[in-house]
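Participant: One structure, pasted below without further comment.
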4 protein chains.
Amino acid sequence: MKTPLLIVNFKAYREALGREGLKLARLCQEASWEMSKSVAVAPSMVDLASIAQQTKIPVLAQHCNNLPAGSFTGWVPVEALKASGASGTILNHSERRLELSDLEALIRKCESFDLETVVCADNLFVARACAALNPTFVAVEPPELIGGDISVTAAKPEVVSGTVEAIADVNKDVKVLCGAGVKTGEDVAKALELGTEGVLLSSGIVKAKSPKQALEDLLSGLGS
Amino acid sequence: MKTPLLIVNFKAYREALGREGLKLARLCQEASWEMSKSVAVAPSMVDLASIAQQTKIPVLAQHCNNLPAGSFTGWVPVEALKASGASGTILNHSERRLELSDLEALIRKCESFDLETVVCADNLFVARACAALNPTFVAVEPPELIGGDISVTAAKPEVVSGTVEAIADVNKDVKVLCGAGVKTGEDVAKALELGTEGVLLSSGIVKAKSPKQALEDLLSGLGS
Amino acid sequence: MKTPLLIVNFKAYREALGREGLKLARLCQEASWEMSKSVAVAPSMVDLASIAQQTKIPVLAQHCNNLPAGSFTGWVPVEALKASGASGTILNHSERRLELSDLEALIRKCESFDLETVVCADNLFVARACAALNPTFVAVEPPELIGGDISVTAAKPEVVSGTVEAIADVNKDVKVLCGAGVKTGEDVAKALELGTEGVLLSSGIVKAKSPKQALEDLLSGLGS
Amino acid sequence: MKTPLLIVNFKAYREALGREGLKLARLCQEASWEMSKSVAVAPSMVDLASIAQQTKIPVLAQHCNNLPAGSFTGWVPVEALKASGASGTILNHSERRLELSDLEALIRKCESFDLETVVCADNLFVARACAALNPTFVAVEPPELIGGDISVTAAKPEVVSGTVEAIADVNKDVKVLCGAGVKTGEDVAKALELGTEGVLLSSGIVKAKSPKQALEDLLSGLGS
């Protein structure tokens, strides 16, 4: 995925399930194309193939399981993501945390399937550990700010810049994103200024009165 | 779903992911229509909406989570199944077991969303417990026979008929299916003879040299 | 364990860990002996052997795992309970729920080790399912009343009596307990009157200003 | 705990449960005292307080849970370890893996309770991530060698020395242990030579014909 980057996590929000999810993904695609900015979407797990087939921007899974393809009813191996047309996956979101060893194994397996990995970290220690695992991206999201009204870039700028530094210290190849409470283009611009290569956000778009307007405002802060 | 019934569980088999899964679902649809038999498919989790949108036979999820729609990255609430166009869900498969209280809550929630529930049980005690929870179907599958070459109807006919009786004893409203090792029309006919209203199967079709032939043979045993 | 019965669940309350837990267990033993009533204690997991070795009333585990003795670091198989001197175990507490199939397997394994099972159920459907699994006791505890100030016997007497009937309907061999919010001898007497053979309680004793007084009051309601 | 160090993990082996576990712990204590070597034991979870109270060498838990003391039936918070008399805990053993964020939180909480942490890692990436979390020890154990007859120090000496280097690169404060297949004093000596400060082992003592002899042989390799 090209950076600077905005990733829209649909979570399991009612407003972004099924047909509503497809509409939102198309809206993200249009805004991405019109404004020439890099946007990726992470739809609800059961909508993944549907949305990947019907859009052309990068589509990420929200999670997957450290199991091979095979006799595993109800599980989502990396092979299922690849076959769905996804470009990568979020891993270890604070709402869907992974065992350390599974996280490491999934990053390796995604590499071998040419899928990008966005690994979430809830504090500085965890961010350093994630960087040591060599994913494509580490996204730092203080859990207490997720879904809230104050952007991490305003509430805890030093956490963002400190994480950028700490990650560079452990592994210079890892790109850093931030998230939690990001709502405006200004928040996004601040995130880039603090050293990240983009933001991961959800309710700021999914629950916005006008997702289209919210998206345009957010992308205006994304640089170029 | 109309009975007698054949449910094809795609599991996470490589042969039934993404485009291959869609092909297999369409093949099931054609056979169902041509032979006028009731067939449902349970595709890989991430293919659920895609296949539900592109076929007209009943589509089931393989699993779901006891959480509300909302801020739950990577989870699959009942609302997501409904929005995807699914007709119901498998629950408590021996490869994806549920906590008892979640299983009960999911059956209640599926009822309220008008989704059918196929609850798997691995022995007689568990089958009785499942029946007490009042799902649409209980599917009895001895785990040691799953994916094998000997049909439960041949290896343990008394388990099947015993379960049918035991379930009727606890709750007469619950329909019984059986599964594990089912490969031929004869196996299916035997399952109905033992008192079930259909079969749940997977590798017998997904891993067959000719899934189409396997399906036609299996459906020939399904009565009418 | 003899009925009518009072089971004191120490949970992981700070007031009942380590030496404090041993003191509380001894206090339960004294009250049991002085008032000639049947009392069992369920100490913190890591205190189980210590308390079982240093008291003579029945000691229960709070939980265990469906795994054999062997190379399973950090897990608690039934064999470990037996070797610790425990008389049985609580299973499927609403704070530590079990997969249905593990619950069933653990009940069978406890039977074979001559350990009693107290299986918790959070509603009527779950209670019926538990009864079908044939444990020694089913304890009905509406989760919304656990740790609260209103006894289930006052807030929802019909849940208690309804569960007693429903369980008898499924399996006459199962004894019924109730819990949640039980604080006084009157609550206990009411529980017996509603058809149970005892109560399961925790904060009513562990967090009481005087656990000794609380215990004596509670036991006064236990009949004889 | 003083290094060089031998940690004996009792796992849930039948040979080390209950009274047998206490005997084994005492045998470890005697050998430690007689040979003036540092030995710690990690007994079965339910025996923890019993063995900590009845021995004087360091006793470790095999696992614990990232929950506060309180209303958490069946869980083991750090407070319960402290109250039991334990000196620390193994965390993230390959048989009992932890979510990354729980692992981090538990290391922090153990620090604040003055408990030492021995974090297991199954490969080099995971070892680096663990080192970034700043535990007292990282123990590298290739899972395919656990419980086997070939010592990691013979089968994969480069894994051991490579891990020692990689960990020093991330965090110089972390001490390194190794484990898996360690059976003789020679294996232990080799482990120290490769740069570790001790070994974590289990079946080599617990399943030995003569645990006493095995222990004496192993300790002979521990330097002084």
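Chain labels run A, B, ... following the order of the structure tokens; each chain numbers its residues from 1, and ligands are numbered from 1 in the order shown.
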With only C-alpha atoms considered, list every residue of chain A at most 6 Å from chain D, as number ranges by chain.
Facilitator: A: 98-100, 125, 128-129, 132-133
Participant: Quick one: residues within 7 Å of range 113-118 of chain C, only C-alpha atoms counted, chain neighbours fewer than 6 positions away excluded, as a list in words?
Facilitator: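 Everything that qualifies: Ser87, Gly88, Thr89, Ile90, Leu91, Ile107, Pro135, Thr136, Phe137, Val138 and Ala139 of chain C.
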Participant: Excluding same-chain residues fewer than 5 positions from Gly21 in chain B, what lies within 9 Å of it counting only C-alpha atoms, as a list in words?
Facilitator: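 Final neighbour list, sorted by chain and number: Phe10, Arg14, Glu15, Ala16, Arg26, Pro43, Ser44, Asp47 and Ile51 of chain B.
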Participant: Going by DSSP on the backbone, which residues of range 62-179 of chain B come out as strand (DSSP E or B)? List them as a list of chain:residue names.
Facilitator: B:Gly70, B:Gly88, B:Thr89, B:Ile90, B:Leu91, B:His93, B:Arg96, B:Glu99, B:Glu116, B:Thr117, B:Val118, B:Val119, B:Cys120, B:Ala121, B:Phe137, B:Val138, B:Ala139, B:Val140, B:Lys175, B:Val176, B:Leu177, B:Cys178, B:Gly179
Participant: Quick one: everything within 12 Å of Leu5 in chain D, counting only C-alpha atoms, minus sequence neighbours fewer than 6 positions away in the same chain. Send it as JSON, numbers by chain.
Facilitator: {"D": [32, 36, 37, 38, 39, 40, 41, 57, 58, 118, 137, 139, 175, 176, 177, 178, 179, 188, 189, 191, 192, 196, 197, 198, 199, 200, 201, 218, 219, 220, 221, 222, 223, 224]}
Participant: Quick one, how far is CA of Ile167 in chain A from CA of Val78 in chain D?
Facilitator: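 Computing it gives 29.1 Å between the two atoms.
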Participant: Based on the backbone DSSP call, show me all residues of range 32-219 of chain C assigned helix (DSSP H, G or I), as a VMD selection string.
Facilitator: chain C and resid 32 to 35 45 to 54 78 to 84 100 to 112 124 to 132 143 to 145 152 to 155 157 to 170 185 to 193 203 to 206 211 to 219
